[in-house]
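Engineer: This is the structure, below, for whatever I ask next.
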Amino acid sequence: GYKYSFQNTNFPTLKIVPSIGEPTITIICYGEVLYDLELAVRRSLIELEILVDIICPLQISPVDISYISDSLQRTENLIIIEEGNTEAAWGSEVIAKLVEKKSVIKKLVRYGNNGIIPSSIKAENSVLPNEKNIFKIISSF
């Protein structure tokens, strides 16, 4: 139910959007977390019938919000997934630029790790983004 497109501009970006229907959430991420996000989105589609737009920039600096802003015009809901800290982070800069552009965000959820990354896999999975906790965030919408 999704189609992929790669925008090869000054700010290369991967967009994953529903092939039919209107998305209700815009989700942005970067890096390896995209794999777990795709699994969670697939599960959300099958179990909850929630459609989302995924925006994954391949270059995070400088920050380009054009694709995010375009998606938010339809969804007005934003989830930012980061493996690292959410304070003074890439997502913070995205939010600042969206506010400057006067983008409408009705609901915003930021998921990241503001603590120490543990050394055991079980403990690590409880704090880092993975399919299970991303699905939980999506289902809260």
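Ordering of the structure tokens sets the chain letters (A, B, ...), residue numbers begin anew at 1 in every chain, and ligands are numbered from 1 in the order given.
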Find the residues near Ile55 of chain A: any atom within 7 Å, counting only C-alpha atoms, skip ones fewer than 3 places away on the same chain, and give them as a tab-separated table (two decimals) with N, CA and C atoms, in the first residue's frame.
Structural biologist:
chain	number	residue	atom	x	y	z
A	14	LEU	N	14.25	10.59	0.85
A	14	LEU	CA	13.42	9.46	0.52
A	14	LEU	C	12.03	9.74	1.08
A	15	LYS	N	11.01	9.60	0.22
A	15	LYS	CA	9.62	9.77	0.66
A	15	LYS	C	8.90	8.46	0.45
A	16	ILE	N	8.16	8.06	1.48
A	16	ILE	CA	7.34	6.85	1.40
A	16	ILE	C	5.92	7.30	1.74
A	27	ILE	N	5.63	11.24	9.55
A	27	ILE	CA	6.70	10.75	10.42
A	27	ILE	C	8.03	11.04	9.75
A	28	ILE	N	8.95	11.63	10.51
A	28	ILE	CA	10.27	11.90	9.97
A	28	ILE	C	11.32	11.17	10.80
A	29	CYS	N	12.34	10.71	10.11
A	29	CYS	CA	13.45	10.03	10.76
A	29	CYS	C	14.66	10.16	9.85
A	68	ILE	N	8.62	17.92	4.41
A	68	ILE	CA	7.92	17.78	5.69
A	68	ILE	C	6.75	18.75	5.74
Engineer: Please identify all polymer residues within 10 Å of segment 31-43 of chain A, counting only C-alpha atoms, omitting same-chain residues fewer than 6 positions from it, and present them as number ranges by chain.
Structural biologist: A: 1-2, 16, 49-60, 81-83, 128-139
Engineer: Take the residues that were just selected and, keeping N, CA and C atoms, output them as a PDB file, in the first residue's frame.
Structural biologist:
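Saved to result_32.pdb:
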ATOM      1  N   GLY A   1       0.772  -1.202   0.000  1.00  0.00           N
ATOM      2  CA  GLY A   1       0.000   0.000   0.000  1.00  0.00           C
ATOM      3  C   GLY A   1       0.820   1.277   0.000  1.00  0.00           C
ATOM      4  N   TYR A   2       2.138   1.213  -0.188  1.00  0.00           N
ATOM      5  CA  TYR A   2       2.974   2.420  -0.166  1.00  0.00           C
ATOM      6  C   TYR A   2       3.836   2.489  -1.408  1.00  0.00           C
ATOM      7  N   ILE A  16       8.157   8.055   1.476  1.00  0.00           N
ATOM      8  CA  ILE A  16       7.342   6.852   1.405  1.00  0.00           C
ATOM      9  C   ILE A  16       5.925   7.296   1.741  1.00  0.00           C
ATOM     10  N   GLU A  49      -5.270   0.365  10.261  1.00  0.00           N
ATOM     11  CA  GLU A  49      -5.641   1.102   9.053  1.00  0.00           C
ATOM     12  C   GLU A  49      -5.255   2.580   9.145  1.00  0.00           C
ATOM     13  N   ILE A  50      -4.100   2.831   9.738  1.00  0.00           N
ATOM     14  CA  ILE A  50      -3.553   4.180   9.828  1.00  0.00           C
ATOM     15  C   ILE A  50      -2.548   4.358   8.697  1.00  0.00           C
ATOM     16  N   LEU A  51      -2.758   5.393   7.885  1.00  0.00           N
ATOM     17  CA  LEU A  51      -1.856   5.718   6.786  1.00  0.00           C
ATOM     18  C   LEU A  51      -0.936   6.856   7.209  1.00  0.00           C
ATOM     19  N   VAL A  52       0.335   6.750   6.850  1.00  0.00           N
ATOM     20  CA  VAL A  52       1.298   7.792   7.210  1.00  0.00           C
ATOM     21  C   VAL A  52       2.172   8.139   6.017  1.00  0.00           C
ATOM     22  N   ASP A  53       2.722   9.345   6.066  1.00  0.00           N
ATOM     23  CA  ASP A  53       3.804   9.740   5.168  1.00  0.00           C
ATOM     24  C   ASP A  53       5.098   9.590   5.942  1.00  0.00           C
ATOM     25  N   ILE A  54       6.112   9.009   5.318  1.00  0.00           N
ATOM     26  CA  ILE A  54       7.442   8.929   5.917  1.00  0.00           C
ATOM     27  C   ILE A  54       8.367   9.826   5.103  1.00  0.00           C
ATOM     28  N   ILE A  55       9.060  10.702   5.790  1.00  0.00           N
ATOM     29  CA  ILE A  55      10.055  11.557   5.150  1.00  0.00           C
ATOM     30  C   ILE A  55      11.393  11.231   5.809  1.00  0.00           C
ATOM     31  N   CYS A  56      12.366  10.811   5.004  1.00  0.00           N
ATOM     32  CA  CYS A  56      13.674  10.424   5.532  1.00  0.00           C
ATOM     33  C   CYS A  56      14.769  11.117   4.725  1.00  0.00           C
ATOM     34  N   PRO A  57      15.263  12.253   5.230  1.00  0.00           N
ATOM     35  CA  PRO A  57      16.340  12.927   4.508  1.00  0.00           C
ATOM     36  C   PRO A  57      17.627  12.105   4.561  1.00  0.00           C
ATOM     37  N   LEU A  58      18.329  12.081   3.455  1.00  0.00           N
ATOM     38  CA  LEU A  58      19.605  11.379   3.407  1.00  0.00           C
ATOM     39  C   LEU A  58      20.749  12.297   3.813  1.00  0.00           C
ATOM     40  N   GLN A  59      20.436  13.566   3.897  1.00  0.00           N
ATOM     41  CA  GLN A  59      21.402  14.578   4.336  1.00  0.00           C
ATOM     42  C   GLN A  59      20.693  15.403   5.395  1.00  0.00           C
ATOM     43  N   ILE A  60      21.205  15.427   6.620  1.00  0.00           N
ATOM     44  CA  ILE A  60      20.481  16.104   7.694  1.00  0.00           C
ATOM     45  C   ILE A  60      20.961  17.530   7.956  1.00  0.00           C
ATOM     46  N   ILE A  81      11.268  10.756  14.980  1.00  0.00           N
ATOM     47  CA  ILE A  81      11.960   9.609  15.567  1.00  0.00           C
ATOM     48  C   ILE A  81      13.463   9.842  15.449  1.00  0.00           C
ATOM     49  N   GLU A  82      14.152   9.833  16.578  1.00  0.00           N
ATOM     50  CA  GLU A  82      15.607   9.969  16.591  1.00  0.00           C
ATOM     51  C   GLU A  82      16.191   8.944  17.543  1.00  0.00           C
ATOM     52  N   GLU A  83      17.350   8.403  17.212  1.00  0.00           N
ATOM     53  CA  GLU A  83      18.008   7.467  18.117  1.00  0.00           C
ATOM     54  C   GLU A  83      18.701   8.195  19.257  1.00  0.00           C
ATOM     55  N   LEU A 128      15.796   2.585  22.781  1.00  0.00           N
ATOM     56  CA  LEU A 128      16.027   3.004  21.400  1.00  0.00           C
ATOM     57  C   LEU A 128      14.789   2.736  20.548  1.00  0.00           C
ATOM     58  N   PRO A 129      14.584   3.521  19.492  1.00  0.00           N
ATOM     59  CA  PRO A 129      13.433   3.288  18.619  1.00  0.00           C
ATOM     60  C   PRO A 129      13.479   1.890  18.011  1.00  0.00           C
ATOM     61  N   ASN A 130      12.356   1.198  18.056  1.00  0.00           N
ATOM     62  CA  ASN A 130      12.228  -0.099  17.416  1.00  0.00           C
ATOM     63  C   ASN A 130      10.780  -0.248  16.968  1.00  0.00           C
ATOM     64  N   GLU A 131      10.506  -1.317  16.246  1.00  0.00           N
ATOM     65  CA  GLU A 131       9.157  -1.507  15.699  1.00  0.00           C
ATOM     66  C   GLU A 131       8.086  -1.417  16.783  1.00  0.00           C
ATOM     67  N   LYS A 132       8.315  -2.046  17.905  1.00  0.00           N
ATOM     68  CA  LYS A 132       7.305  -2.116  18.964  1.00  0.00           C
ATOM     69  C   LYS A 132       6.977  -0.733  19.543  1.00  0.00           C
ATOM     70  N   ASN A 133       8.009   0.036  19.919  1.00  0.00           N
ATOM     71  CA  ASN A 133       7.693   1.331  20.534  1.00  0.00           C
ATOM     72  C   ASN A 133       7.259   2.376  19.512  1.00  0.00           C
ATOM     73  N   ILE A 134       7.687   2.253  18.266  1.00  0.00           N
ATOM     74  CA  ILE A 134       7.196   3.170  17.229  1.00  0.00           C
ATOM     75  C   ILE A 134       5.727   2.870  16.936  1.00  0.00           C
ATOM     76  N   PHE A 135       5.370   1.592  16.870  1.00  0.00           N
ATOM     77  CA  PHE A 135       3.964   1.219  16.664  1.00  0.00           C
ATOM     78  C   PHE A 135       3.098   1.782  17.788  1.00  0.00           C
ATOM     79  N   LYS A 136       3.586   1.716  19.003  1.00  0.00           N
ATOM     80  CA  LYS A 136       2.839   2.253  20.152  1.00  0.00           C
ATOM     81  C   LYS A 136       2.589   3.755  19.994  1.00  0.00           C
ATOM     82  N   ILE A 137       3.574   4.474  19.526  1.00  0.00           N
ATOM     83  CA  ILE A 137       3.426   5.927  19.298  1.00  0.00           C
ATOM     84  C   ILE A 137       2.386   6.178  18.208  1.00  0.00           C
ATOM     85  N   ILE A 138       2.501   5.457  17.099  1.00  0.00           N
ATOM     86  CA  ILE A 138       1.547   5.641  16.002  1.00  0.00           C
ATOM     87  C   ILE A 138       0.130   5.325  16.476  1.00  0.00           C
ATOM     88  N   SER A 139      -0.028   4.265  17.244  1.00  0.00           N
ATOM     89  CA  SER A 139      -1.357   3.870  17.690  1.00  0.00           C
ATOM     90  C   SER A 139      -1.967   4.890  18.657  1.00  0.00           C
TER      91      SER A 139
END
Engineer: Have a look at atom CA of Ile80 of chain A and atom CA of Val109 of chain A and let me know their distance in Å, one decimal.
Structural biologist: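 Distance reported for this atom pair: 6.4 Å.
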Engineer: If we count only C-alpha atoms and set the cut-off at 10 Å, which residues sit around segment 90-102 of chain A, ignoring sequence neighbours fewer than 4 positions away in its own chain? Please answer as a list in words.
Structural biologist: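 Listed by chain and then number, they are Ile28, Cys29, Tyr30, Ile60, Ser61, Pro62, Val63, Asp64, Ile65, Ser66, Ile68, Ser69, Leu72, Leu78, Ile79, Ile80, Ile81, Glu82, Gly84, Asn85, Thr86, Leu108, Arg110, Tyr111 and Gly112 of chain A.
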Engineer: Find, counting only C-alpha atoms, the residue in A:Ser44, A:Ser120, A:Asn113, A:Ser71 that gets nearest to Val17 of chain A.
Structural biologist: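 Looking at the shortest contact to Val17 of chain A, the residue is A:Ser71.
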Engineer: If you run DSSP on the backbone here, which positions in segment 33-97 of chain A get helix (DSSP H, G or I)? Please write them as a PyMOL selection string.
Structural biologist: chain A and resi 33-48+66-75+90-97
Engineer: Quick check for you: according to DSSP on this backbone, which residues of segment 39-124 of chain A are classed as strand (DSSP E)? Reply as a PyMOL selection string.
Structural biologist: chain A and resi 52-57+77-81+107-111
Engineer: Would you export the selected residues with all heavy atoms as a compact mmCIF listing (two decimals), in the first residue's frame, please?
Structural biologist:
# COMPACT_ATOMS: atom_id res chain seq x y z
N VAL A 52 0.34 6.75 6.85
CA VAL A 52 1.30 7.79 7.21
C VAL A 52 2.17 8.14 6.02
O VAL A 52 2.33 7.34 5.09
CB VAL A 52 2.19 7.37 8.40
CG1 VAL A 52 1.38 6.95 9.60
CG2 VAL A 52 3.15 6.27 8.01
N ASP A 53 2.72 9.34 6.07
CA ASP A 53 3.80 9.74 5.17
C ASP A 53 5.10 9.59 5.94
O ASP A 53 5.18 10.01 7.11
CB ASP A 53 3.68 11.21 4.75
CG ASP A 53 2.68 11.45 3.65
OD1 ASP A 53 2.16 10.49 3.07
OD2 ASP A 53 2.42 12.65 3.37
N ILE A 54 6.11 9.01 5.32
CA ILE A 54 7.44 8.93 5.92
C ILE A 54 8.37 9.83 5.10
O ILE A 54 8.44 9.70 3.88
CB ILE A 54 7.99 7.49 5.92
CG1 ILE A 54 7.10 6.56 6.73
CG2 ILE A 54 9.43 7.47 6.45
CD1 ILE A 54 7.49 5.10 6.63
N ILE A 55 9.06 10.70 5.79
CA ILE A 55 10.05 11.56 5.15
C ILE A 55 11.39 11.23 5.81
O ILE A 55 11.54 11.37 7.03
CB ILE A 55 9.74 13.06 5.35
CG1 ILE A 55 8.29 13.39 5.03
CG2 ILE A 55 10.74 13.92 4.57
CD1 ILE A 55 7.89 13.28 3.60
N CYS A 56 12.37 10.81 5.00
CA CYS A 56 13.67 10.42 5.53
C CYS A 56 14.77 11.12 4.73
O CYS A 56 15.15 10.65 3.65
CB CYS A 56 13.83 8.90 5.45
SG CYS A 56 15.39 8.30 6.14
N PRO A 57 15.26 12.25 5.23
CA PRO A 57 16.34 12.93 4.51
C PRO A 57 17.63 12.10 4.56
O PRO A 57 17.94 11.49 5.58
CB PRO A 57 16.49 14.26 5.25
CG PRO A 57 15.92 14.02 6.59
CD PRO A 57 14.91 12.93 6.46
N ASN A 77 -0.25 16.36 11.75
CA ASN A 77 0.27 15.56 12.86
C ASN A 77 1.70 15.13 12.53
O ASN A 77 1.97 14.68 11.42
CB ASN A 77 -0.59 14.30 13.07
CG ASN A 77 -2.00 14.65 13.50
OD1 ASN A 77 -2.22 15.36 14.46
ND2 ASN A 77 -2.97 14.17 12.74
N LEU A 78 2.59 15.26 13.51
CA LEU A 78 4.00 15.00 13.25
C LEU A 78 4.60 14.13 14.34
O LEU A 78 4.42 14.39 15.53
CB LEU A 78 4.77 16.33 13.17
CG LEU A 78 6.28 16.27 12.93
CD1 LEU A 78 6.60 15.62 11.59
CD2 LEU A 78 6.89 17.67 13.01
N ILE A 79 5.32 13.09 13.90
CA ILE A 79 6.13 12.27 14.80
C ILE A 79 7.57 12.39 14.33
O ILE A 79 7.86 12.22 13.14
CB ILE A 79 5.71 10.79 14.78
CG1 ILE A 79 4.26 10.63 15.25
CG2 ILE A 79 6.65 9.96 15.66
CD1 ILE A 79 3.72 9.21 15.11
N ILE A 80 8.47 12.68 15.26
CA ILE A 80 9.89 12.75 14.96
C ILE A 80 10.57 11.61 15.71
O ILE A 80 10.44 11.51 16.93
CB ILE A 80 10.50 14.10 15.38
CG1 ILE A 80 9.80 15.25 14.67
CG2 ILE A 80 12.00 14.12 15.10
CD1 ILE A 80 10.21 16.62 15.15
N ILE A 81 11.27 10.76 14.98
CA ILE A 81 11.96 9.61 15.57
C ILE A 81 13.46 9.84 15.45
O ILE A 81 13.98 10.03 14.34
CB ILE A 81 11.60 8.28 14.84
CG1 ILE A 81 10.10 8.08 14.75
CG2 ILE A 81 12.31 7.11 15.50
CD1 ILE A 81 9.41 7.72 16.02
N LYS A 107 -0.76 17.93 16.51
CA LYS A 107 -0.19 17.02 17.50
C LYS A 107 1.24 16.71 17.11
O LYS A 107 1.52 16.41 15.96
CB LYS A 107 -1.00 15.73 17.60
CG LYS A 107 -0.52 14.80 18.70
CD LYS A 107 -1.46 13.63 18.94
CE LYS A 107 -0.94 12.77 20.08
NZ LYS A 107 -1.83 11.62 20.34
N LEU A 108 2.14 16.82 18.09
CA LEU A 108 3.56 16.57 17.87
C LEU A 108 4.04 15.57 18.91
O LEU A 108 3.80 15.76 20.11
CB LEU A 108 4.35 17.87 17.99
CG LEU A 108 5.87 17.76 18.05
CD1 LEU A 108 6.43 17.24 16.73
CD2 LEU A 108 6.49 19.10 18.41
N VAL A 109 4.71 14.52 18.45
CA VAL A 109 5.34 13.56 19.36
C VAL A 109 6.78 13.41 18.92
O VAL A 109 7.07 13.19 17.75
CB VAL A 109 4.63 12.18 19.32
CG1 VAL A 109 5.37 11.17 20.18
CG2 VAL A 109 3.19 12.30 19.77
N ARG A 110 7.68 13.55 19.89
CA ARG A 110 9.11 13.36 19.62
C ARG A 110 9.57 12.14 20.39
O ARG A 110 9.34 12.03 21.58
CB ARG A 110 9.88 14.60 20.06
CG ARG A 110 9.48 15.83 19.28
CD ARG A 110 10.09 17.07 19.86
NE ARG A 110 11.53 17.01 19.75
CZ ARG A 110 12.34 17.82 20.42
NH1 ARG A 110 11.87 18.73 21.24
NH2 ARG A 110 13.65 17.71 20.29
N TYR A 111 10.22 11.22 19.69
CA TYR A 111 10.74 10.03 20.35
C TYR A 111 12.24 9.98 20.16
O TYR A 111 12.74 10.05 19.04
CB TYR A 111 10.12 8.74 19.78
CG TYR A 111 10.56 7.53 20.54
CD1 TYR A 111 9.87 7.11 21.66
CD2 TYR A 111 11.71 6.83 20.17
CE1 TYR A 111 10.29 6.01 22.40
CE2 TYR A 111 12.14 5.74 20.90
CZ TYR A 111 11.43 5.33 22.00
OH TYR A 111 11.87 4.25 22.73
Engineer: What does the distance from atom CA of Tyr67 of chain A to atom CA of Ala88 of chain A come to in Å, to one decimal?
Structural biologist: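 Separation of atom CA of Tyr67 of chain A and atom CA of Ala88 of chain A: 21.7 Å.
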